[in-house]
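Participant: Structure file run27.txt (compact mmCIF, C-alpha atoms and all ligand atoms) right here:
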# COMPACT_ATOMS: atom_id res chain seq x y z
CA MET A 94 18.05 -10.79 6.79
CA ARG A 95 14.61 -12.43 6.88
CA ILE A 96 11.78 -10.67 5.08
CA ALA A 97 8.07 -11.46 4.85
CA ILE A 98 5.54 -10.24 2.31
CA VAL A 99 1.93 -10.27 3.50
CA GLY A 100 -0.47 -10.13 0.54
CA ALA A 101 2.03 -11.68 -1.87
CA SER A 102 -0.58 -12.59 -4.50
CA GLY A 103 -1.93 -9.03 -4.77
CA ALA A 104 -1.08 -6.21 -7.18
CA VAL A 105 1.25 -4.60 -4.63
CA GLY A 106 2.61 -7.90 -3.28
CA GLN A 107 3.66 -8.98 -6.78
CA GLU A 108 5.43 -5.64 -7.24
CA PHE A 109 7.26 -6.18 -3.91
CA LEU A 110 8.46 -9.55 -5.25
CA ARG A 111 9.66 -8.02 -8.54
CA ILE A 112 11.55 -5.21 -6.77
CA LEU A 113 13.17 -7.52 -4.19
CA GLU A 114 14.28 -9.72 -7.11
CA GLN A 115 15.94 -6.70 -8.79
CA ARG A 116 17.76 -5.42 -5.70
CA ALA A 117 20.87 -6.94 -4.18
CA LEU A 118 19.49 -6.94 -0.63
CA PRO A 119 21.13 -9.61 1.55
CA ILE A 120 17.98 -11.73 1.98
CA ASP A 121 18.56 -15.07 3.72
CA GLU A 122 14.91 -16.05 3.68
CA LEU A 123 11.76 -14.63 2.11
CA LEU A 124 8.39 -15.72 3.53
CA LEU A 125 5.11 -15.19 1.67
CA PHE A 126 1.71 -14.90 3.35
CA GLY A 127 -1.89 -14.65 2.14
CA SER A 128 -5.43 -15.67 2.96
CA GLU A 129 -6.87 -19.14 2.31
CA ARG A 130 -7.49 -17.95 -1.30
CA SER A 131 -3.76 -17.95 -2.18
CA ALA A 132 -2.22 -20.16 0.56
CA GLY A 133 -0.34 -23.01 -1.11
CA ARG A 134 0.29 -21.07 -4.33
CA THR A 135 3.95 -20.90 -5.36
CA TYR A 136 6.04 -18.01 -6.72
CA ARG A 137 9.63 -18.04 -8.00
CA PHE A 138 12.19 -15.86 -6.21
CA ARG A 139 15.91 -15.86 -7.06
CA GLY A 140 15.57 -19.28 -8.73
CA ARG A 141 13.63 -20.95 -5.90
CA GLU A 142 9.95 -21.85 -5.46
CA LEU A 143 8.34 -20.17 -2.46
CA THR A 144 4.96 -21.32 -1.14
CA VAL A 145 2.41 -18.84 0.24
CA LYS A 146 1.59 -19.57 3.88
CA LEU A 147 -1.77 -18.89 5.49
CA LEU A 148 -1.59 -15.74 7.65
CA GLN A 149 -2.59 -16.81 11.16
CA HIS A 150 -2.27 -15.66 14.76
CA ASN A 151 0.79 -17.76 15.59
CA ASP A 152 4.60 -17.35 15.88
CA ASP A 153 5.40 -17.44 12.15
CA PHE A 154 7.01 -13.97 12.34
CA ARG A 155 9.54 -14.90 15.03
CA GLY A 156 13.00 -14.07 13.58
CA VAL A 157 11.59 -12.02 10.68
CA ASP A 158 13.34 -8.63 10.44
CA PHE A 159 10.92 -6.77 8.17
CA ALA A 160 7.37 -7.58 7.06
CA LEU A 161 6.10 -5.76 3.97
CA VAL A 162 2.36 -5.79 4.57
CA SER A 163 -0.14 -5.07 1.81
CA ALA A 164 -3.35 -6.98 2.43
CA GLY A 165 -5.88 -4.23 3.17
CA ALA A 166 -6.44 -2.07 6.24
CA GLY A 167 -8.59 -4.63 8.07
CA THR A 168 -5.90 -7.31 7.83
CA SER A 169 -3.20 -4.86 8.96
CA ARG A 170 -5.24 -3.85 11.99
CA GLU A 171 -6.05 -7.44 12.91
CA PHE A 172 -2.51 -8.83 12.50
CA ALA A 173 -0.24 -5.91 13.54
CA GLY A 174 0.18 -7.37 17.05
CA THR A 175 0.98 -10.85 15.74
CA ILE A 176 3.46 -9.51 13.18
CA THR A 177 5.39 -7.17 15.51
CA ARG A 178 5.24 -9.23 18.73
CA HIS A 179 8.73 -10.76 18.42
CA GLY A 180 10.51 -7.62 17.13
CA THR A 181 9.61 -7.63 13.44
CA VAL A 182 9.31 -4.16 11.89
CA MET A 183 6.04 -3.95 9.96
CA ILE A 184 6.10 -1.70 6.89
CA ASP A 185 2.45 -1.17 6.17
CA ASN A 186 1.07 -0.19 2.79
CA SER A 187 -2.54 0.12 3.91
CA SER A 188 -4.34 3.14 5.37
CA ALA A 189 -4.75 1.46 8.80
CA PHE A 190 -2.04 3.32 10.76
CA ARG A 191 -1.07 6.26 8.56
CA MET A 192 -2.51 8.93 10.83
CA ASP A 193 -1.61 7.15 14.12
CA GLU A 194 0.60 9.51 16.17
CA GLU A 195 2.87 6.62 17.18
CA VAL A 196 3.38 5.47 13.59
CA PRO A 197 5.71 7.39 11.27
CA LEU A 198 4.38 7.97 7.75
CA VAL A 199 7.41 7.87 5.51
CA VAL A 200 8.45 8.69 1.96
CA PRO A 201 12.22 8.07 1.98
CA GLU A 202 13.01 10.97 -0.38
CA VAL A 203 11.14 13.38 1.91
CA ASN A 204 11.26 12.32 5.59
CA ALA A 205 13.41 9.18 5.94
CA ALA A 206 14.54 10.23 9.43
CA ASP A 207 10.97 9.87 10.77
CA ALA A 208 11.28 6.08 10.30
CA LYS A 209 13.71 5.96 13.25
CA ASN A 210 10.93 6.90 15.67
CA ALA A 211 8.59 3.92 15.42
CA PRO A 212 7.61 2.91 18.98
CA ARG A 213 5.00 0.40 17.77
CA ARG A 214 7.51 -1.11 15.28
CA ILE A 215 5.11 -0.06 12.51
CA ILE A 216 6.15 2.25 9.67
CA ALA A 217 3.35 3.31 7.32
CA ASN A 218 3.70 4.34 3.73
CA PRO A 219 1.20 6.78 2.24
CA ASN A 220 -1.46 6.64 -0.40
CA CYS A 221 0.19 6.14 -3.81
CA THR A 222 -0.99 9.55 -5.07
CA THR A 223 0.42 11.31 -2.00
CA ILE A 224 3.85 9.69 -2.42
CA GLN A 225 4.60 11.05 -5.86
CA MET A 226 3.18 14.49 -5.04
CA VAL A 227 5.23 15.07 -1.86
CA VAL A 228 8.50 14.16 -3.61
CA ALA A 229 7.89 17.11 -5.95
CA LEU A 230 6.43 19.43 -3.30
CA GLN A 231 9.27 18.90 -0.82
CA ALA A 232 11.83 20.19 -3.34
CA ILE A 233 9.82 23.40 -3.71
CA GLU A 234 9.16 23.65 0.03
CA ARG A 235 12.91 23.81 0.67
CA LEU A 236 12.99 27.02 -1.39
CA SER A 237 9.75 28.61 -0.25
CA HIS A 238 6.90 27.56 2.04
CA ILE A 239 3.93 26.11 0.12
CA ARG A 240 0.60 27.19 1.56
CA ARG A 241 -1.76 25.54 -0.93
CA ALA A 242 -1.67 22.96 -3.72
CA HIS A 243 -4.47 22.36 -6.23
CA VAL A 244 -4.46 18.71 -7.23
CA ALA A 245 -6.07 16.58 -9.92
CA THR A 246 -5.14 12.90 -10.21
CA TYR A 247 -5.71 10.42 -13.02
CA GLN A 248 -5.59 6.96 -11.50
CA SER A 249 -5.34 3.59 -13.19
CA ALA A 250 -7.34 0.41 -12.61
CA SER A 251 -4.32 -1.05 -10.81
CA GLY A 252 -4.90 1.32 -7.89
CA ALA A 253 -7.92 -0.80 -7.00
CA GLY A 254 -5.94 -4.07 -6.95
CA ALA A 255 -5.42 -7.20 -9.02
CA ALA A 256 -9.11 -8.08 -9.42
CA ALA A 257 -9.83 -4.58 -10.78
CA MET A 258 -7.07 -4.96 -13.39
CA ASP A 259 -8.55 -8.33 -14.42
CA GLU A 260 -11.97 -6.71 -14.73
CA LEU A 261 -10.63 -4.00 -17.06
CA THR A 262 -9.01 -6.68 -19.26
CA ALA A 263 -12.27 -8.69 -19.29
CA GLN A 264 -14.24 -5.56 -20.22
CA HIS A 265 -11.99 -4.92 -23.23
CA ALA A 266 -12.31 -8.55 -24.34
CA ALA A 267 -16.11 -8.48 -23.97
CA LEU A 268 -16.46 -5.21 -25.88
CA ALA A 269 -14.17 -6.47 -28.66
CA GLY A 270 -16.43 -9.53 -28.99
CA GLY A 271 -19.59 -7.44 -29.06
CA ALA A 272 -20.70 -8.66 -25.61
CA GLU A 273 -21.89 -6.76 -22.52
CA PRO A 274 -18.81 -5.95 -20.35
CA PRO A 275 -18.77 -7.37 -16.79
CA VAL A 276 -18.98 -4.70 -14.05
CA SER A 277 -18.41 -5.57 -10.39
CA LYS A 278 -15.20 -4.02 -8.94
CA PHE A 279 -16.10 -0.53 -10.17
CA ALA A 280 -19.48 1.22 -10.01
CA PHE A 281 -19.44 1.71 -13.80
CA GLN A 282 -17.73 0.27 -16.87
CA LEU A 283 -14.12 1.48 -16.74
CA ALA A 284 -13.02 0.41 -20.24
CA TYR A 285 -12.99 3.50 -22.54
CA ASN A 286 -14.31 5.51 -19.60
CA VAL A 287 -13.23 7.80 -16.75
CA ILE A 288 -15.00 7.63 -13.38
CA PRO A 289 -14.53 10.99 -11.58
CA HIS A 290 -14.91 9.57 -8.08
CA ILE A 291 -12.71 7.45 -5.78
CA ASP A 292 -13.90 6.18 -2.38
CA ILE A 293 -16.77 7.48 -0.27
CA PHE A 294 -17.80 11.10 0.32
CA GLN A 295 -16.99 12.67 3.71
CA ASP A 296 -19.08 15.26 5.62
CA ASN A 297 -17.14 18.08 3.94
CA ASP A 298 -18.11 16.80 0.44
CA TYR A 299 -14.56 15.73 -0.39
CA THR A 300 -13.98 11.99 -0.84
CA LYS A 301 -11.93 9.86 1.54
CA GLU A 302 -9.26 9.53 -1.18
CA GLU A 303 -9.04 13.33 -1.48
CA MET A 304 -8.83 13.82 2.29
CA LYS A 305 -6.10 11.16 2.55
CA MET A 306 -3.91 13.31 0.30
CA TYR A 307 -4.65 16.37 2.44
CA HIS A 308 -3.92 14.79 5.85
CA GLU A 309 -1.01 12.59 4.78
CA THR A 310 0.80 15.42 2.99
CA ARG A 311 0.70 17.60 6.11
CA LYS A 312 2.02 14.77 8.29
CA ILE A 313 4.86 13.76 5.95
CA MET A 314 6.03 17.31 5.23
CA HIS A 315 5.49 18.52 8.84
CA SER A 316 3.66 21.39 7.24
CA ASP A 317 0.43 23.37 7.49
CA ILE A 318 0.03 23.18 3.70
N1 LIG B 401 -2.77 -1.07 -5.88
C1 LIG B 401 -2.18 0.04 -5.51
O1 LIG B 401 -1.69 0.83 -6.35
C2 LIG B 401 -2.04 0.39 -4.05
C3 LIG B 401 -1.31 1.52 -3.74
C4 LIG B 401 -1.14 1.87 -2.42
C5 LIG B 401 -1.71 1.12 -1.42
N2 LIG B 401 -2.44 0.03 -1.74
C6 LIG B 401 -2.97 -0.75 -0.62
O2 LIG B 401 -2.31 -2.00 -0.57
C7 LIG B 401 -3.18 -3.00 -0.08
C8 LIG B 401 -3.26 -4.13 -1.09
O3 LIG B 401 -3.63 -3.60 -2.33
P1 LIG B 401 -3.57 -4.41 -3.68
O4 LIG B 401 -3.88 -3.41 -4.74
O5 LIG B 401 -2.34 -5.23 -3.78
O6 LIG B 401 -4.85 -5.38 -3.48
P2 LIG B 401 -5.16 -6.81 -4.15
O7 LIG B 401 -4.54 -6.92 -5.49
O8 LIG B 401 -6.64 -6.96 -4.03
O9 LIG B 401 -4.43 -7.84 -3.17
C9 LIG B 401 -4.83 -8.02 -1.84
C10 LIG B 401 -3.85 -8.94 -1.17
O10 LIG B 401 -4.21 -9.05 0.21
C11 LIG B 401 -4.27 -10.41 0.59
N3 LIG B 401 -5.25 -10.59 1.67
C12 LIG B 401 -6.51 -10.13 1.74
N4 LIG B 401 -7.09 -10.52 2.90
C13 LIG B 401 -6.15 -11.23 3.58
C14 LIG B 401 -6.13 -11.89 4.83
N5 LIG B 401 -7.19 -11.91 5.63
N6 LIG B 401 -5.00 -12.52 5.20
C15 LIG B 401 -3.92 -12.52 4.41
N7 LIG B 401 -3.86 -11.92 3.20
C16 LIG B 401 -4.98 -11.27 2.79
C17 LIG B 401 -4.71 -11.11 -0.67
O11 LIG B 401 -4.36 -12.47 -0.56
P3 LIG B 401 -5.36 -13.60 -1.12
O12 LIG B 401 -5.22 -13.57 -2.60
O13 LIG B 401 -4.85 -14.84 -0.50
O14 LIG B 401 -6.73 -13.23 -0.64
C18 LIG B 401 -3.89 -10.37 -1.72
O15 LIG B 401 -2.58 -10.89 -1.77
C19 LIG B 401 -4.50 -2.27 0.20
O16 LIG B 401 -4.51 -1.89 1.55
C20 LIG B 401 -4.44 -1.08 -0.72
O17 LIG B 401 -5.24 -0.02 -0.27
C21 LIG B 401 -2.61 -0.36 -3.03
As C-alpha cells - that is how I would like this structure written.

Facilitator:
Amino acid sequence: MRIAIVGASGAVGQEFLRILEQRALPIDELLLFGSERSAGRTYRFRGRELTVKLLQHNDDFRGVDFALVSAGAGTSREFAGTITRHGTVMIDNSSAFRMDEEVPLVVPEVNAADAKNAPRRIIANPNCTTIQMVVALQAIERLSHIRRAHVATYQSASGAGAAAMDELTAQHAALAGGAEPPVSKFAFQLAYNVIPHIDIFQDNDYTKEEMKMYHETRKIMHSDI
C-alpha cells in the first residue's frame, strides 16, 4: 500500500506520522508533501529518512492508495482534483468538503459504512470537537433519540496548529523572564488565560466553530438533533 501525507510538518501531519509508525499497516511507501516552507525537510519513518516533497499540480499521486490531507481548507480545495485524479482516495482533515453532499463525513466508531459511498474519492473527517462528542452521543442515541445537546468545549492551543503551540511556549518563556509575551496567532495572550471565542461570528450570533459542531453532528448521526 502507498500512502501520502499532505501537510506532514504540521501539528496534525506529525500526529499522522506517529500513528502510522505505531500501527502495523502494510505500507510499501510513504510520501510526504508540504509547501515550499517545509519541502526538503526530512522525517524518520520506520528507520528511514523521508524527504518532504513540494505539493504541485502534477502526477505525484499516481499509484498512491490513500492520501491523508491536513494542510488547510484552501489547499484541500485547490489540490483535491490533482490528488484524486488517478484513483487515490483523499481522506481530508480540513473543513473544505465536510458538508458536501457527495463527500461522506466519517467517524469510524459511529458511521464507518458511510465511507463506502464516496463518489468523489474524498472522505472527510469532522472538526476535532465533533468527533469526540458523537462517539459518546451515538451510544446514547441507540437507546433513545437525542433531540438536543448543550455543549461547552475547552480547547487547547494545539487546535490552532503548530505555530500556535510554539507561540504558547514562547509566551511562557517570556513571562518567566519578565518580558512582554509575543501575541500573533491568537487575538490575546493565551498563556495563563482562556479566550472564550473560536473563529468568526455568523449571522445567528454563533461562531463558525459552534455551527460546525451543529451541522457536522447532524450529518454524521443522520439525525435531526
Ligand atoms: N490541530 C488540530 O487539532 C486540528 C484538528 C482538526 C482539524 N485540523 C485541520 O487540519 C489542518 C491542518 O491543521 P494543523 O493544526 O496541522 O496546522 P499547522 O500545524 O499549521 O500545519 C499546516 C500544514 O499544512 C501545510 N501546508 C499549508 N499550506 C500548504 C500548501 N499550499 N501546500 C502544501 N502544504 C501546505 C504546512 O506545510 P508547510 O510547513 O510546508 O507550510 C503544514 O504542514 C487544518 O485544515 C485544520 O483546520 C486541525

Participant: Can you tell me, as a PyMOL selection string, what residues are no more than 10 Å from A:Ala208 when counting all atoms listed in the file, ignoring any on the same chain fewer than 3 positions away?

Facilitator: chain A and resi 184+196-201+204-205+211-212+214-217

Participant: Just want the residues within 9 Å of ligand LIG 401 (chain B), written as an MDAnalysis selection string, counting all atoms listed in the file.

Facilitator: chainID A and resid 99:108 126:132 134 145:149 162:169 171:172 185:189 218:222 248:258

Participant: What does the structure give for the distance between atom CA of A:Arg311 and atom CA of A:Val182, in Å to one decimal?

Facilitator: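 Between atom CA of A:Arg311 and atom CA of A:Val182 the gap is 24.1 Å.
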
Participant: Could you tell me how far atom CA of A:His179 lies from atom CA of A:Arg137, in Å and to one decimal?

Facilitator: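 Interatomic distance here is 27.4 Å.
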
Participant: Identify, on the basis of only C-alpha atoms, every residue whose closest approach to A:Tyr247 does not exceed 9 Å; exclude the query and any residue fewer than 2 positions from it along the same chain; express the result as a ChimeraX atom specification.

Facilitator: /A:245,249,287,289

Participant: What gap, in Å, lies between atom CA of A:Ser237 and atom CA of A:Met314?

Facilitator: 13.1 Å

Participant: Neighbours of A:Gly180 within 10 Å (all atoms listed in the file; same-chain residues fewer than 6 positions away dropped), as a PyMOL selection string?

Facilitator: chain A and resi 154-159+213-214

Participant: Under the rule that all atoms listed in the file are counted, which of A:Met183, A:Ile288, A:Leu123, A:Ala272 is the nearest residue to A:Arg170?

Facilitator: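 Among the listed residues, the smallest separation from A:Arg170 belongs to A:Met183.
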
Participant: So that I can check the surroundings of A:Ile291, please list as number ranges by chain every protein, DNA and RNA residue that reaches within 8 Å of it, counting all atoms listed in the file and ignoring chain neighbours fewer than 4 positions away.

Facilitator: A: 300-302

Participant: Within 10 Å of A:His308, counting all atoms listed in the file, which residues show up once you throw out same-chain ones fewer than 4 positions away? Write them as a list in words, please.

Facilitator: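 Residues meeting the cut-off are Arg191, Met192, Thr223, Glu303, Met304, Lys312, Ile313, Asp317 and Ile318 of chain A.
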
Participant: I need the residue nearest A:His238 from this list: A:Gly270, A:Ala284, A:Ser316, A:Met94. Use only C-alpha atoms for the distance.

Facilitator: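 Looking only at the distances to A:His238, the closest residue turns out to be A:Ser316.
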
Participant: Under the rule that all atoms listed in the file are counted, which of A:Ile98, A:Arg139, A:Thr246, A:Asn286 is the nearest residue to A:Gln115?

Facilitator: A:Arg139
